[in-house]
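Okay, work.cif now, which holds mmCIF, C-alpha atoms:
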data_query
loop_
_atom_site.label_atom_id
_atom_site.label_comp_id
_atom_site.auth_asym_id
_atom_site.auth_seq_id
_atom_site.Cartn_x
_atom_site.Cartn_y
_atom_site.Cartn_z
CA MET A 24 -35.45 6.25 12.00
CA GLU A 25 -37.38 4.12 9.53
CA THR A 26 -38.42 0.63 10.64
CA VAL A 27 -35.95 -1.38 8.55
CA LYS A 28 -32.98 0.78 9.53
CA LEU A 29 -33.96 0.50 13.19
CA LEU A 30 -34.25 -3.26 12.91
CA GLN A 31 -30.82 -3.47 11.24
CA LYS A 32 -29.31 -1.43 14.06
CA LEU A 33 -30.90 -3.70 16.67
CA ILE A 34 -29.66 -6.88 15.00
CA LYS A 35 -26.15 -5.44 14.65
CA THR A 36 -26.14 -4.84 18.42
CA PRO A 37 -25.56 -8.13 20.29
CA SER A 38 -27.77 -8.36 23.38
CA LEU A 39 -27.20 -11.67 25.12
CA SER A 40 -29.06 -12.22 28.39
CA GLY A 41 -27.47 -10.07 31.08
CA LYS A 42 -25.65 -8.00 28.44
CA GLU A 43 -28.46 -5.86 27.06
CA GLU A 44 -26.98 -2.49 28.01
CA LYS A 45 -26.11 -1.25 24.51
CA ILE A 46 -29.44 -2.16 22.96
CA ALA A 47 -31.36 -0.78 25.94
CA LYS A 48 -29.69 2.59 25.51
CA ILE A 49 -30.30 2.58 21.75
CA LEU A 50 -33.98 1.89 22.38
CA ARG A 51 -34.22 4.52 25.10
CA GLU A 52 -32.74 7.10 22.72
CA GLU A 53 -35.14 6.12 19.95
CA LEU A 54 -38.17 6.26 22.25
CA ASN A 55 -37.13 9.70 23.48
CA ARG A 56 -36.70 10.82 19.87
CA ILE A 57 -40.20 9.76 18.81
CA GLY A 58 -41.72 11.80 21.62
CA VAL A 59 -43.41 9.43 24.05
CA ASP A 60 -44.34 11.06 27.38
CA ARG A 61 -42.09 8.96 29.59
CA VAL A 62 -39.12 6.63 29.08
CA GLU A 63 -37.52 4.90 32.04
CA LEU A 64 -34.59 2.54 32.25
CA ASP A 65 -35.17 0.80 35.56
CA SER A 66 -32.62 -0.65 37.98
CA TYR A 67 -32.75 -4.08 36.29
CA GLY A 68 -32.15 -2.62 32.82
CA ASN A 69 -35.76 -2.93 31.62
CA ILE A 70 -37.34 -0.21 29.48
CA ILE A 71 -40.73 1.25 30.37
CA ALA A 72 -42.19 3.77 27.92
CA GLU A 73 -45.56 5.46 28.15
CA ILE A 74 -47.89 7.62 26.14
CA ARG A 75 -50.22 9.12 28.72
CA GLY A 76 -53.92 9.20 27.93
CA GLY A 77 -56.89 10.80 29.57
CA GLY A 78 -58.10 7.88 31.68
CA GLU A 79 -57.10 5.07 34.00
CA GLU A 80 -57.26 2.27 31.42
CA SER A 81 -54.15 1.15 29.56
CA ILE A 82 -52.96 -1.20 26.87
CA MET A 83 -49.47 -2.69 26.99
CA LEU A 84 -47.13 -3.93 24.28
CA GLU A 85 -44.46 -6.24 25.74
CA GLY A 86 -41.27 -7.86 24.55
CA HIS A 87 -37.72 -8.81 25.45
CA MET A 88 -34.39 -7.34 24.38
CA ASP A 89 -32.18 -10.39 24.95
CA HIS A 90 -31.43 -13.25 22.59
CA VAL A 91 -29.72 -16.63 22.75
CA PRO A 92 -26.08 -17.10 21.62
CA PRO A 93 -25.50 -17.56 17.88
CA GLY A 94 -23.83 -20.96 18.27
CA LYS A 95 -21.29 -22.22 15.74
CA MET A 96 -20.46 -19.45 13.31
CA GLU A 97 -19.78 -21.91 10.46
CA ASN A 98 -23.48 -22.83 10.46
CA TRP A 99 -24.49 -19.32 9.42
CA LYS A 100 -24.70 -18.25 5.75
CA TYR A 101 -24.21 -14.64 6.86
CA HIS A 102 -22.66 -13.30 10.03
CA PRO A 103 -25.29 -13.47 12.83
CA TYR A 104 -24.89 -9.75 13.55
CA SER A 105 -24.65 -8.57 9.94
CA ALA A 106 -28.39 -7.81 9.46
CA LYS A 107 -27.94 -8.90 5.85
CA ILE A 108 -31.01 -8.37 3.63
CA ILE A 109 -31.66 -10.95 0.92
CA ASP A 110 -34.92 -11.06 -1.07
CA ASN A 111 -36.77 -9.02 1.55
CA GLU A 112 -35.59 -11.27 4.39
CA ILE A 113 -33.29 -9.87 7.06
CA PHE A 114 -30.88 -12.35 8.63
CA GLY A 115 -29.39 -12.29 12.09
CA ARG A 116 -29.56 -13.57 15.64
CA GLY A 117 -32.59 -12.12 17.35
CA SER A 118 -34.26 -11.05 14.10
CA VAL A 119 -37.38 -13.15 14.65
CA ASP A 120 -36.96 -13.57 18.43
CA MET A 121 -37.78 -10.76 18.78
CA LYS A 122 -36.14 -7.62 17.39
CA GLY A 123 -38.44 -7.52 14.37
CA SER A 124 -41.35 -7.13 16.72
CA ILE A 125 -39.57 -4.49 18.82
CA ALA A 126 -38.89 -2.36 15.75
CA ALA A 127 -42.53 -2.73 14.68
CA MET A 128 -43.81 -1.77 18.14
CA ILE A 129 -41.66 1.34 18.33
CA LYS A 130 -42.80 2.56 14.93
CA ALA A 131 -46.41 2.02 16.04
CA LEU A 132 -45.70 4.12 19.13
CA GLU A 133 -44.12 6.84 16.99
CA LYS A 134 -47.39 7.19 15.11
CA ALA A 135 -49.40 6.96 18.33
CA ALA A 136 -47.35 9.74 19.93
CA GLU A 137 -48.81 12.19 17.41
CA LYS A 138 -52.35 11.84 18.81
CA GLU A 139 -54.24 12.20 22.06
CA TRP A 140 -55.78 9.10 23.63
CA ASN A 141 -58.38 8.26 26.25
CA ARG A 142 -56.17 5.50 27.67
CA ASN A 143 -52.50 5.01 28.46
CA ILE A 144 -50.24 3.18 26.01
CA ILE A 145 -47.35 1.35 27.63
CA LEU A 146 -44.37 -0.42 26.10
CA THR A 147 -42.21 -2.69 28.26
CA LEU A 148 -39.01 -4.29 26.96
CA VAL A 149 -37.34 -6.61 29.44
CA VAL A 150 -34.03 -8.28 30.15
CA HIS A 151 -33.30 -11.96 30.81
CA GLU A 152 -36.46 -13.34 29.20
CA GLU A 153 -34.51 -16.09 27.46
CA THR A 154 -33.13 -17.35 30.78
CA VAL A 155 -35.95 -16.74 33.28
CA GLU A 156 -39.12 -15.76 31.44
CA GLY A 157 -41.56 -13.74 33.50
CA ALA A 158 -39.01 -12.68 36.12
CA ALA A 159 -38.20 -9.19 34.78
CA ILE A 160 -41.77 -8.27 33.84
CA ARG A 161 -42.79 -9.35 37.36
CA ARG A 162 -40.39 -6.76 38.80
CA ILE A 163 -41.87 -4.07 36.58
CA PHE A 164 -45.36 -4.76 37.89
CA GLU A 165 -44.25 -5.14 41.49
CA GLU A 166 -42.15 -1.96 41.51
CA LYS A 167 -43.32 0.34 38.71
CA ILE A 168 -46.81 -0.37 37.34
CA LYS A 169 -49.54 -0.73 39.94
CA ILE A 170 -52.61 -0.65 37.65
CA LYS A 171 -53.25 -3.73 35.53
CA PRO A 172 -53.54 -3.04 31.79
CA GLU A 173 -56.76 -3.95 30.05
CA ILE A 174 -54.71 -6.22 27.79
CA ILE A 175 -51.06 -7.13 27.19
CA ILE A 176 -49.88 -7.92 23.66
CA ILE A 177 -46.70 -10.02 23.74
CA GLY A 178 -44.75 -9.51 20.52
CA GLU A 179 -43.17 -12.97 20.27
CA PRO A 180 -43.44 -14.38 16.72
CA THR A 181 -46.84 -15.74 15.64
CA ASN A 182 -46.75 -15.25 11.85
CA LEU A 183 -49.34 -12.51 12.55
CA ASN A 184 -51.72 -15.01 14.12
CA LEU A 185 -53.11 -14.76 17.66
CA ALA A 186 -51.33 -16.87 20.28
CA LEU A 187 -53.65 -17.69 23.16
CA GLY A 188 -51.24 -19.38 25.56
CA HIS A 189 -48.71 -22.13 26.07
CA ARG A 190 -47.60 -24.82 28.48
CA GLY A 191 -45.69 -23.84 31.58
CA ARG A 192 -42.14 -24.86 32.41
CA ALA A 193 -40.36 -26.17 35.47
CA LEU A 194 -36.72 -27.10 36.00
CA ILE A 195 -36.48 -29.94 38.50
CA LYS A 196 -33.22 -30.83 40.22
CA VAL A 197 -32.87 -34.43 41.36
CA GLU A 198 -29.96 -35.36 43.62
CA LEU A 199 -28.95 -38.99 44.12
CA THR A 200 -26.57 -40.19 46.81
CA GLY A 201 -24.91 -43.61 46.85
CA ARG A 202 -21.74 -45.16 48.17
CA THR A 203 -18.31 -44.83 46.59
CA ALA A 204 -15.88 -47.69 46.14
CA HIS A 205 -12.87 -48.64 44.04
CA ALA A 206 -13.85 -49.10 40.41
CA SER A 207 -12.20 -52.53 40.44
CA MET A 208 -14.67 -53.63 43.13
CA PRO A 209 -18.00 -52.12 42.03
CA GLU A 210 -20.00 -54.58 44.10
CA GLN A 211 -18.87 -52.75 47.24
CA GLY A 212 -20.48 -49.46 46.24
CA LEU A 213 -23.72 -47.94 44.99
CA ASN A 214 -22.94 -46.40 41.61
CA MET A 215 -25.02 -43.28 40.97
CA ILE A 216 -24.49 -43.43 37.21
CA ASN A 217 -26.31 -46.76 37.24
CA ALA A 218 -28.95 -45.32 39.57
CA ALA A 219 -29.41 -42.25 37.38
CA SER A 220 -29.88 -44.42 34.31
CA LYS A 221 -32.57 -46.48 36.05
CA TYR A 222 -34.21 -43.37 37.44
CA ILE A 223 -34.46 -41.65 34.06
CA ARG A 224 -36.03 -44.75 32.50
CA LYS A 225 -38.54 -44.87 35.35
CA ILE A 226 -39.37 -41.17 34.96
CA MET A 227 -40.15 -41.71 31.29
CA GLU A 228 -42.92 -44.14 32.33
CA ILE A 229 -44.82 -41.54 34.38
CA LYS A 230 -48.28 -40.84 32.93
CA LEU A 231 -48.54 -37.07 32.52
CA PRO A 232 -51.67 -34.95 32.00
CA LYS A 233 -52.89 -33.57 28.70
CA ASP A 234 -54.74 -30.38 27.76
CA LEU A 235 -57.12 -30.14 24.80
CA TRP A 236 -55.49 -26.96 23.48
CA LEU A 237 -52.01 -26.81 24.99
CA GLY A 238 -51.15 -30.46 24.36
CA GLU A 239 -49.35 -32.96 26.57
CA ALA A 240 -47.22 -32.30 29.58
CA THR A 241 -43.68 -33.62 29.06
CA ILE A 242 -40.55 -34.34 31.03
CA THR A 243 -37.05 -34.83 29.70
CA PRO A 244 -33.54 -34.82 31.21
CA ILE A 245 -31.41 -31.90 30.04
CA SER A 246 -28.34 -32.20 32.29
CA ILE A 247 -26.54 -34.85 34.32
CA GLU A 248 -23.41 -34.49 36.47
CA CYS A 249 -21.84 -37.22 38.60
CA THR A 250 -18.89 -37.04 40.99
CA PRO A 251 -16.21 -38.06 41.52
CA LYS A 252 -15.25 -38.54 37.90
CA GLY A 253 -12.14 -39.35 35.91
CA LEU A 254 -10.81 -41.63 38.66
CA PRO A 255 -10.92 -45.39 39.26
CA GLN A 256 -13.69 -44.64 41.74
CA ILE A 257 -17.42 -45.22 41.72
CA PRO A 258 -19.40 -41.91 41.69
CA ASP A 259 -21.54 -41.59 44.80
CA ASN A 260 -23.29 -38.33 43.86
CA CYS A 261 -25.35 -37.47 40.82
CA THR A 262 -27.45 -34.42 39.92
CA ILE A 263 -29.99 -34.57 37.12
CA ILE A 264 -31.90 -31.57 35.77
CA PHE A 265 -35.26 -32.28 34.14
CA ASP A 266 -37.24 -29.92 31.91
CA ARG A 267 -40.90 -30.44 32.79
CA ARG A 268 -43.55 -28.82 30.61
CA LEU A 269 -46.78 -28.09 32.47
CA VAL A 270 -50.44 -27.91 31.49
CA LEU A 271 -53.16 -25.84 33.11
CA GLY A 272 -53.96 -26.63 36.72
CA GLU A 273 -50.72 -28.37 37.65
CA GLU A 274 -49.38 -27.41 41.08
CA GLU A 275 -45.77 -27.50 42.22
CA ASP A 276 -46.24 -30.16 44.91
CA GLU A 277 -48.11 -32.49 42.58
CA THR A 278 -45.45 -32.03 39.91
CA LEU A 279 -42.72 -33.18 42.31
CA LYS A 280 -44.68 -35.96 44.01
CA PRO A 281 -44.13 -38.83 41.51
CA LEU A 282 -40.41 -38.03 41.23
CA ASN A 283 -39.96 -38.24 44.98
CA GLU A 284 -42.05 -41.42 45.17
CA ILE A 285 -39.65 -43.13 42.77
CA LEU A 286 -36.74 -42.00 44.91
CA GLU A 287 -38.36 -43.61 47.95
CA GLU A 288 -38.75 -46.84 45.98
CA PHE A 289 -35.07 -46.71 45.03
CA LYS A 290 -34.08 -46.26 48.68
CA GLU A 291 -36.13 -49.29 49.68
CA GLU A 292 -34.54 -51.34 46.88
CA ASN A 293 -31.03 -50.18 47.93
CA ILE A 294 -30.39 -48.58 44.55
CA ILE A 295 -29.58 -45.30 46.32
CA LEU A 296 -28.89 -44.29 49.90
CA ASN A 297 -30.79 -41.01 49.58
CA GLY A 298 -32.34 -38.64 47.07
CA ASN A 299 -34.62 -35.70 46.63
CA ALA A 300 -36.36 -33.78 43.85
CA VAL A 301 -36.86 -30.00 44.13
CA ILE A 302 -37.64 -27.06 41.86
CA LEU A 303 -34.36 -25.49 40.80
CA GLU A 304 -33.63 -22.01 42.13
CA GLU A 305 -31.15 -19.70 40.49
CA THR A 306 -29.95 -16.11 40.56
CA VAL A 307 -29.31 -14.15 37.37
CA LYS A 308 -27.31 -10.95 37.19
CA CYS A 309 -28.59 -8.01 35.19
CA TRP A 310 -26.31 -5.69 33.24
CA THR A 311 -27.03 -2.98 35.81
CA GLY A 312 -25.54 -5.13 38.57
CA ARG A 313 -28.87 -6.00 40.17
CA LYS A 314 -29.69 -9.65 40.68
CA ILE A 315 -32.95 -11.52 40.28
CA LYS A 316 -33.53 -14.67 42.33
CA VAL A 317 -35.92 -17.03 40.60
CA LYS A 318 -37.61 -20.31 41.36
CA ASP A 319 -37.79 -22.07 37.99
CA TYR A 320 -41.49 -22.86 38.07
CA PHE A 321 -43.45 -21.01 35.41
CA PRO A 322 -47.18 -21.84 35.14
CA ALA A 323 -49.13 -22.60 31.99
CA TRP A 324 -51.59 -19.98 30.79
CA MET A 325 -54.35 -19.62 28.26
CA THR A 326 -56.82 -16.95 27.15
CA HIS A 327 -60.16 -18.50 26.21
CA ARG A 328 -60.82 -18.73 22.48
CA GLU A 329 -64.16 -16.93 22.85
CA ASP A 330 -62.93 -14.29 25.29
CA GLU A 331 -64.22 -10.80 24.53
CA ALA A 332 -60.65 -9.54 24.02
CA ILE A 333 -59.99 -12.21 21.38
CA ILE A 334 -63.20 -11.35 19.55
CA LYS A 335 -62.17 -7.66 19.55
CA LEU A 336 -58.71 -8.48 18.19
CA GLU A 337 -60.16 -10.73 15.49
CA ARG A 338 -62.33 -7.82 14.30
CA ILE A 339 -59.39 -5.40 14.33
CA LEU A 340 -57.19 -7.87 12.42
CA LYS A 341 -59.96 -9.24 10.19
CA ASP A 342 -58.07 -8.58 6.93
CA LEU A 343 -55.31 -10.92 8.18
CA LYS A 344 -57.81 -13.68 9.04
CA PRO A 345 -55.62 -14.65 12.02
CA GLN A 346 -55.63 -18.21 13.27
CA LYS A 347 -55.79 -19.01 16.99
CA ILE A 348 -52.60 -20.79 17.91
CA TYR A 349 -50.75 -22.00 21.00
CA TRP A 350 -47.01 -21.54 21.34
CA LYS A 351 -44.76 -24.55 22.00
CA PHE A 352 -42.21 -22.38 23.80
CA SER A 353 -42.52 -20.30 26.96
CA THR A 354 -42.90 -16.50 27.22
CA ASP A 355 -43.43 -13.70 29.73
CA GLY A 356 -47.08 -14.71 29.69
CA VAL A 357 -46.21 -17.16 32.48
CA TYR A 358 -46.26 -14.11 34.76
CA THR A 359 -48.65 -11.67 33.08
CA SER A 360 -51.42 -14.24 32.62
CA GLY A 361 -50.31 -17.35 34.53
CA THR A 362 -49.52 -15.51 37.79
CA ALA A 363 -50.91 -11.97 37.61
CA GLY A 364 -54.11 -12.89 35.78
CA ILE A 365 -53.85 -10.04 33.26
CA LYS A 366 -55.48 -10.64 29.88
CA THR A 367 -52.59 -11.63 27.60
CA VAL A 368 -52.38 -12.42 23.88
CA GLY A 369 -49.44 -13.05 21.57
CA PHE A 370 -49.15 -11.24 18.23
CA GLY A 371 -45.94 -10.69 16.32
CA PRO A 372 -44.19 -11.00 12.97
CA GLY A 373 -42.09 -13.98 11.96
CA ASP A 374 -42.02 -17.76 12.12
CA TRP A 375 -41.32 -18.97 15.67
CA ARG A 376 -40.01 -22.30 14.33
CA ILE A 377 -36.75 -20.70 13.17
CA ALA A 378 -36.05 -18.93 16.46
CA HIS A 379 -32.78 -19.97 18.17
CA GLN A 380 -31.56 -21.62 14.95
CA PRO A 381 -28.65 -20.74 12.65
CA ASN A 382 -29.70 -18.43 9.80
CA GLU A 383 -32.53 -16.94 11.83
CA HIS A 384 -34.38 -14.39 9.70
CA ILE A 385 -37.62 -12.46 9.35
CA ASN A 386 -39.61 -11.13 6.43
CA LEU A 387 -39.48 -7.33 6.26
CA ARG A 388 -42.96 -6.99 4.75
CA MET A 389 -44.32 -8.89 7.74
CA VAL A 390 -42.48 -6.56 10.14
CA LEU A 391 -44.04 -3.53 8.46
CA LYS A 392 -47.47 -5.16 8.49
CA ALA A 393 -47.05 -5.92 12.22
CA SER A 394 -46.27 -2.26 12.90
CA GLU A 395 -49.43 -1.23 11.08
CA LYS A 396 -51.46 -3.73 13.09
CA TYR A 397 -49.95 -2.76 16.45
CA TYR A 398 -51.10 0.78 15.76
CA GLN A 399 -54.58 -0.41 14.82
CA ILE A 400 -54.80 -2.39 18.07
CA ILE A 401 -53.77 0.73 20.02
CA GLU A 402 -56.30 2.80 18.09
CA LYS A 403 -59.30 0.51 18.07
CA PHE A 404 -59.14 -1.94 20.98
CA GLY A 405 -60.86 0.41 23.44
CA GLU A 406 -63.50 1.34 20.87
CA GLU A 407 -64.58 -2.21 20.08
#

Can I see the file as structure tokens?
Amino acid sequence: METVKLLQKLIKTPSLSGKEEKIAKILREELNRIGVDRVELDSYGNIIAEIRGGGEESIMLEGHMDHVPPGKMENWKYHPYSAKIIDNEIFGRGSVDMKGSIAAMIKALEKAAEKEWNRNIILTLVVHEETVEGAAIRRIFEEKIKIKPEIIIIGEPTNLNLALGHRGRALIKVELTGRTAHASMPEQGLNMINAASKYIRKIMEIKLPKDLWLGEATITPISIECTPKGLPQIPDNCTIIFDRRLVLGEEEDETLKPLNEILEEFKEENIILNGNAVILEETVKCWTGRKIKVKDYFPAWMTHREDEAIIKLERILKDLKPQKIYWKFSTDGVYTSGTAGIKTVGFGPGDWRIAHQPNEHINLRMVLKASEKYYQIIEKFGEE
């Protein structure tokens, strides 16, 4: 199947997180058709494909099959699953994040399958990246792939530049406990809406670290829930979820420390009776029925600008004159590089700034160019 037709088919197949079954089976069929040596659909619903070479070394292309919901349909010019092509741009949810890259990778593998290689070529396409990045690729390495690849190319959009890393991400759950009372006599209680408001303002005053390349660490509230509610009664419980972006070198305990220190201050000042801040833990269900339990703490990672692998890739991609960039968002690199220590670089078609937005689209010429370059990386990386 030609690249554009494959991409259209992928976009027309919704694949929300936890519901990737249809697209996984389409991709498995296509990979079998192009003649790779092995295609496996594992118990989580991830795809692992391999072209076996003559040695122990390997190169991996990596991506995710899931996408975020389309949101309000009235905000789209064209239906989010129409794969409409206008002026060489293809529109649809998941087009840039990251089905354009998947189509390009598979066409590169189709060409690679026609030759013999002195290293293994691996493609991994995972589930649930949009919800818990790094979790599914971790399972692949823990259960399926025991030898670390020489390099992993993550196909998230880079406009065909080289992405060398990004900040990490933590979800922090803060629970506040007060004292309920009748709403007509608020002085008799400790209102956790008031406490939460003061706490958030205090959190915004925390001085956070900064990295020369990755930028500043940040923290922002993304959810707040207080109970009881809707009654003439003061809420005595409140849960706040903070999104905390991490720079290199930050540890979990140090990340939580200032949040818990403020809670101790609030207890001493009788603003709250009790409180604690912890890293959120959650369990996601895969389309196969298997579950993944995840602690939402994903470390920052970065490949050095002068690393030998980067210099090799710059030579291979020299006609593109790729810039060295750092993603704002988080990817599976939090595991491959941030935890496992495997050399990781981002390279993919499309503008990451329009991901997750209405009217998401990708340039078809860039998709075809990406496929050409994925093949060149496969062909030349070990020779450089």

Test item: residues at most 10 Å from Met121 of chain A, only C-alpha atoms, excluding those fewer than 6 positions along its chain, as a VMD selection string: chain A and resid 34 86 to 90 178 to 180 371 to 373 375 378 385

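Residues in contact range of Ala240 of chain A, defined as at most 9 Å between all atoms listed in the file, with sequence neighbours fewer than 5 positions away removed, read Arg190, Gly191, Leu231, Pro232, Lys233, Asp234, Arg267, Arg268, Leu269 and Val270 of chain A.
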
Selection from above, C-alpha atoms, as an mmCIF file, in the coordinates of the input, can you write it?
data_model
loop_
_atom_site.group_PDB
_atom_site.id
_atom_site.type_symbol
_atom_site.label_atom_id
_atom_site.label_comp_id
_atom_site.auth_asym_id
_atom_site.auth_seq_id
_atom_site.Cartn_x
_atom_site.Cartn_y
_atom_site.Cartn_z
ATOM 1 C CA ARG A 190 -47.600 -24.820 28.480
ATOM 2 C CA GLY A 191 -45.690 -23.840 31.580
ATOM 3 C CA LEU A 231 -48.540 -37.070 32.520
ATOM 4 C CA PRO A 232 -51.670 -34.950 32.000
ATOM 5 C CA LYS A 233 -52.890 -33.570 28.700
ATOM 6 C CA ASP A 234 -54.740 -30.380 27.760
ATOM 7 C CA ARG A 267 -40.900 -30.440 32.790
ATOM 8 C CA ARG A 268 -43.550 -28.820 30.610
ATOM 9 C CA LEU A 269 -46.780 -28.090 32.470
ATOM 10 C CA VAL A 270 -50.440 -27.910 31.490
#

Skipping near chain neighbours, those fewer than 3 positions away, what residues fall within 12 Å of Asn214 of chain A using all atoms listed in the file, listed as a CSV table (one decimal) with C-alpha atoms, keeping the file's coordinate frame?
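Saved to around19.csv:
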chain,number,residue,atom,x,y,z
A,199,LEU,CA,-29.0,-39.0,44.1
A,200,THR,CA,-26.6,-40.2,46.8
A,201,GLY,CA,-24.9,-43.6,46.8
A,202,ARG,CA,-21.7,-45.2,48.2
A,203,THR,CA,-18.3,-44.8,46.6
A,204,ALA,CA,-15.9,-47.7,46.1
A,205,HIS,CA,-12.9,-48.6,44.0
A,206,ALA,CA,-13.8,-49.1,40.4
A,208,MET,CA,-14.7,-53.6,43.1
A,209,PRO,CA,-18.0,-52.1,42.0
A,210,GLU,CA,-20.0,-54.6,44.1
A,211,GLN,CA,-18.9,-52.8,47.2
A,217,ASN,CA,-26.3,-46.8,37.2
A,218,ALA,CA,-29.0,-45.3,39.6
A,219,ALA,CA,-29.4,-42.2,37.4
A,220,SER,CA,-29.9,-44.4,34.3
A,221,LYS,CA,-32.6,-46.5,36.0
A,249,CYS,CA,-21.8,-37.2,38.6
A,250,THR,CA,-18.9,-37.0,41.0
A,251,PRO,CA,-16.2,-38.1,41.5
A,252,LYS,CA,-15.2,-38.5,37.9
A,256,GLN,CA,-13.7,-44.6,41.7
A,257,ILE,CA,-17.4,-45.2,41.7
A,258,PRO,CA,-19.4,-41.9,41.7
A,259,ASP,CA,-21.5,-41.6,44.8
A,260,ASN,CA,-23.3,-38.3,43.9
A,261,CYS,CA,-25.4,-37.5,40.8
A,293,ASN,CA,-31.0,-50.2,47.9
A,294,ILE,CA,-30.4,-48.6,44.6
A,295,ILE,CA,-29.6,-45.3,46.3
A,296,LEU,CA,-28.9,-44.3,49.9

Pull out every residue that the PyMOL selection byres ((chain A and resi 397) around 12) matches in the shown coordinates and put them as a PDB file with C-alpha atoms, keeping the file's coordinate frame.
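The new file selection.pdb reads:
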ATOM      1  CA  ILE A  82     -52.960  -1.200  26.870  1.00  0.00           C
ATOM      2  CA  MET A  83     -49.470  -2.690  26.990  1.00  0.00           C
ATOM      3  CA  LEU A  84     -47.130  -3.930  24.280  1.00  0.00           C
ATOM      4  CA  GLU A  85     -44.460  -6.240  25.740  1.00  0.00           C
ATOM      5  CA  SER A 124     -41.350  -7.130  16.720  1.00  0.00           C
ATOM      6  CA  ILE A 125     -39.570  -4.490  18.820  1.00  0.00           C
ATOM      7  CA  ALA A 126     -38.890  -2.360  15.750  1.00  0.00           C
ATOM      8  CA  ALA A 127     -42.530  -2.730  14.680  1.00  0.00           C
ATOM      9  CA  MET A 128     -43.810  -1.770  18.140  1.00  0.00           C
ATOM     10  CA  ILE A 129     -41.660   1.340  18.330  1.00  0.00           C
ATOM     11  CA  LYS A 130     -42.800   2.560  14.930  1.00  0.00           C
ATOM     12  CA  ALA A 131     -46.410   2.020  16.040  1.00  0.00           C
ATOM     13  CA  LEU A 132     -45.700   4.120  19.130  1.00  0.00           C
ATOM     14  CA  GLU A 133     -44.120   6.840  16.990  1.00  0.00           C
ATOM     15  CA  LYS A 134     -47.390   7.190  15.110  1.00  0.00           C
ATOM     16  CA  ALA A 135     -49.400   6.960  18.330  1.00  0.00           C
ATOM     17  CA  ILE A 144     -50.240   3.180  26.010  1.00  0.00           C
ATOM     18  CA  LEU A 146     -44.370  -0.420  26.100  1.00  0.00           C
ATOM     19  CA  ILE A 175     -51.060  -7.130  27.190  1.00  0.00           C
ATOM     20  CA  ILE A 176     -49.880  -7.920  23.660  1.00  0.00           C
ATOM     21  CA  ILE A 177     -46.700 -10.020  23.740  1.00  0.00           C
ATOM     22  CA  GLY A 178     -44.750  -9.510  20.520  1.00  0.00           C
ATOM     23  CA  LEU A 183     -49.340 -12.510  12.550  1.00  0.00           C
ATOM     24  CA  LEU A 336     -58.710  -8.480  18.190  1.00  0.00           C
ATOM     25  CA  ILE A 339     -59.390  -5.400  14.330  1.00  0.00           C
ATOM     26  CA  LEU A 340     -57.190  -7.870  12.420  1.00  0.00           C
ATOM     27  CA  GLY A 369     -49.440 -13.050  21.570  1.00  0.00           C
ATOM     28  CA  PHE A 370     -49.150 -11.240  18.230  1.00  0.00           C
ATOM     29  CA  GLY A 371     -45.940 -10.690  16.320  1.00  0.00           C
ATOM     30  CA  PRO A 372     -44.190 -11.000  12.970  1.00  0.00           C
ATOM     31  CA  VAL A 390     -42.480  -6.560  10.140  1.00  0.00           C
ATOM     32  CA  LEU A 391     -44.040  -3.530   8.460  1.00  0.00           C
ATOM     33  CA  LYS A 392     -47.470  -5.160   8.490  1.00  0.00           C
ATOM     34  CA  ALA A 393     -47.050  -5.920  12.220  1.00  0.00           C
ATOM     35  CA  SER A 394     -46.270  -2.260  12.900  1.00  0.00           C
ATOM     36  CA  GLU A 395     -49.430  -1.230  11.080  1.00  0.00           C
ATOM     37  CA  LYS A 396     -51.460  -3.730  13.090  1.00  0.00           C
ATOM     38  CA  TYR A 398     -51.100   0.780  15.760  1.00  0.00           C
ATOM     39  CA  GLN A 399     -54.580  -0.410  14.820  1.00  0.00           C
ATOM     40  CA  ILE A 400     -54.800  -2.390  18.070  1.00  0.00           C
ATOM     41  CA  ILE A 401     -53.770   0.730  20.020  1.00  0.00           C
ATOM     42  CA  GLU A 402     -56.300   2.800  18.090  1.00  0.00           C
ATOM     43  CA  LYS A 403     -59.300   0.510  18.070  1.00  0.00           C
ATOM     44  CA  PHE A 404     -59.140  -1.940  20.980  1.00  0.00           C
TER      45      PHE A 404
END

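Among A:Gly212, A:Pro345, A:Gly405, A:Gly157, the residue with the shortest atom-to-atom distance to Asn141 of chain A, counting all atoms listed in the file, is A:Gly405.
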
Between A:Asn184, A:Lys225, A:Lys347, A:Leu237, which has the minimum distance to Phe289 of chain A (counting only C-alpha atoms)?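 Using only C-alpha atoms, Phe289 of chain A sits closest to A:Lys225.
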
Considering all atoms listed in the file, return as a list in words whatever protein or nucleic-acid residues lie within 9 Å of Gly78 of chain A, sequence-local ones (same chain, fewer than 3 positions apart) excluded.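 Non-adjacent residues within range: Arg75, Ser81, Trp140, Asn141, Arg142 and Asn143 of chain A.
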
Shell of 12 Å around Val149 of chain A, all atoms listed in the file, local chain residues under 3 positions omitted, as an MDAnalysis selection string: chainID A and resid 38 40:44 46:47 50 63:72 84:90 121 125 146 152:164 177:178 309:310 354:355

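Atom CA of Glu139 of chain A is found 14.3 Å from atom CA of Glu406 of chain A.
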
Among listed residues A:Lys28, A:His151, A:Lys341, A:Lys169, nearest Lys314 of chain A (using all atoms listed in the file): A:His151

Report the distance between atom CA of Trp236 of chain A and atom CA of Ser118 of chain A in Å, rounded to one decimal place.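 Taking atom CA of Trp236 of chain A as the start and atom CA of Ser118 of chain A as the end point, the length is 28.1 Å.
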
Among the residues A:Pro322, A:Phe352, A:Asn297, A:Gly123, the one that comes closest to Arg376 of chain A [using all atoms listed in the file]: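 Of the candidates, the smallest distance to Arg376 of chain A is held by A:Phe352.
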
Atom pair atom CA of Leu387 of chain A + atom CA of Val119 of chain A, distance 10.4 Å
